[in-house]
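Let me begin by presenting the structure, written as structure tokens, before commenting on it.
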Amino acid sequence: MRLSAASTRVLRGAALAAVAAVTVTAFGAGSATAAGSHSTKATKAAACTAAETKVTVQKLQRPLNHVLITAKNTSKKTCYAYNYAYLQFGEAQSPAQPWKSSKPQSVVTLKPGQSAYATAMTSSAADDGKDGYHTSKLGLYFNSANDQGSVGRGVVLKLPGGTTYVNDPHVTYWQSNVNDAVNYG
């Protein structure tokens with residue numbers, strides 16, 4: 001069957017229109033997806049900081065030479081307690097080292113009113129008390145999602161009981177359950 005020149009032009013025009021419609025739909029879908037994922041990121045919960053949490057510290061009877069750190073979300077938004085807290089006891093130049101084995105299976109998510117917990121060992125029970133120092137202050141900064149530094153401003157807390165002896169401090173990763181934090185170490 002032979003088509004006339006006019007029929008061929010109409011068919012070509014229809015084919016080009018169909019290709020253009022598919023192309024516009026594909027690009028439109030791509031743009032909608034990109035915009036949708038951008039808006040999802042905007043509503044995604046951010047790292048917890050001192051601005052939206054109340055941080056407290058208390059001395060533990062057991063294990064010896066340990067303190068419990070509690071960070072309660074006081075904001076109206078969900079935040080993530082990533083990794084472990086950067087702890088600076090007194091004028092120390094480096095933060096307390098994390099116990100890598102205390103890393104939970106997932107990031108601790110704090111909805112408004114919920115708390116995250118961490119335990120810090122100030123010194124070993126076997127420490128002879130000669131190489132450390134005494135301090136009454138604890139600086140705390142929240143960790144970034146990629147563990148490449150702190151986020152937000154820090155908070156300075158007074159250690160319970162006046163001064164505390166510190167030598168080679170360690171800290172757990174944030175835990176969602178207080179027992180998981182206390183029973184570590």
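FYI, nothing fancy with the structure tokens labels: chains A, B, ... in order, residues from 1 per chain, ligands from 1 as they appear.
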
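Residues within 6 Å of region 164-170 of chain A, counting only C-alpha atoms and excluding same-chain residues fewer than 4 positions away, are Ala96, Gln97, Pro98, Ala120, Met121, Thr122, Ser123, Gly132, Tyr133, His134 and Thr135 of chain A.
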
- Query: So which one's closest to Val67 (chain A), A:Ala116, A:Ala46, A:Leu140, A:Val171? Using only C-alpha atoms, please.
  - Reply: A:Val171

- Task: Go through A:Pro104, A:Gly129, A:Pro63, A:Pro95 one by one, measure the shortest atom-to-atom distance of each to Asn83 (chain A) using only C-alpha atoms, and give the residue with the smallest value.
- Result: A:Pro104

Could you name the residues that touch Cys79 (chain A) at 6 Å or less, counting only C-alpha atoms, but leaving out those on the same chain fewer than 6 positions away, as a JSON list (two decimals) with N, CA, C and O atoms, in the first residue's frame?
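Writing done, so here's selection-v2.json:
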[["chain", "number", "residue", "atom", "x", "y", "z"],
["A", 45, "ALA", "N", 14.81, 14.34, 59.28],
["A", 45, "ALA", "CA", 15.31, 14.76, 60.59],
["A", 45, "ALA", "C", 16.81, 15.04, 60.51],
["A", 45, "ALA", "O", 17.55, 14.39, 59.80],
["A", 46, "ALA", "N", 17.22, 16.04, 61.26],
["A", 46, "ALA", "CA", 18.63, 16.46, 61.28],
["A", 46, "ALA", "C", 19.32, 15.89, 62.52],
["A", 46, "ALA", "O", 18.68, 15.34, 63.41],
["A", 47, "ALA", "N", 20.62, 16.10, 62.58],
["A", 47, "ALA", "CA", 21.39, 15.68, 63.75],
["A", 47, "ALA", "C", 20.94, 16.45, 64.98],
["A", 47, "ALA", "O", 20.63, 17.65, 64.90],
["A", 48, "CYS", "N", 20.90, 15.78, 66.11],
["A", 48, "CYS", "CA", 20.60, 16.46, 67.37],
["A", 48, "CYS", "C", 21.74, 17.42, 67.70],
["A", 48, "CYS", "O", 22.90, 17.15, 67.38],
["A", 110, "LEU", "N", 15.54, 10.37, 67.96],
["A", 110, "LEU", "CA", 14.85, 10.97, 69.11],
["A", 110, "LEU", "C", 13.65, 11.78, 68.64],
["A", 110, "LEU", "O", 13.79, 12.86, 68.07]]

- Message: Please determine, counting only C-alpha atoms, which residue among A:Gly139, A:Gly90, A:Ala145, A:Ile69 has the shortest atom-to-atom distance to Asn177 (chain A).
- Response: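 Of A:Gly139, A:Gly90, A:Ala145, A:Ile69, the one nearest Asn177 (chain A), counting only C-alpha atoms, is A:Ile69.
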
- From the set A:Gln114, A:Asn146, A:Thr119, A:Thr109, which residue has the shortest atom-to-atom contact distance to Leu68 (chain A), counting only C-alpha atoms?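 Of all the options, A:Thr119 lies closest to Leu68 (chain A).
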
- Message: Neighbouring residues of Gly149 (chain A) were defined as those with any atom within 9 Å, considering only C-alpha atoms; residues of the same chain fewer than 6 positions away were excluded. Please report them as number ranges by chain.
- Response: A: 86, 142-143

- Query: So which bits of region 138-185 of chain A end up strand (DSSP E or B) when you DSSP the backbone, as a PyMOL selection string?
  - Reply: chain A and resi 138-143+150-158+164-166+170-171+175

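Comparing the minimum interatomic distances between Leu157 (chain A) and each of A:Tyr184, A:Tyr173, A:Tyr82, A:Phe89, counting only C-alpha atoms, we find that A:Phe89 sits nearest.
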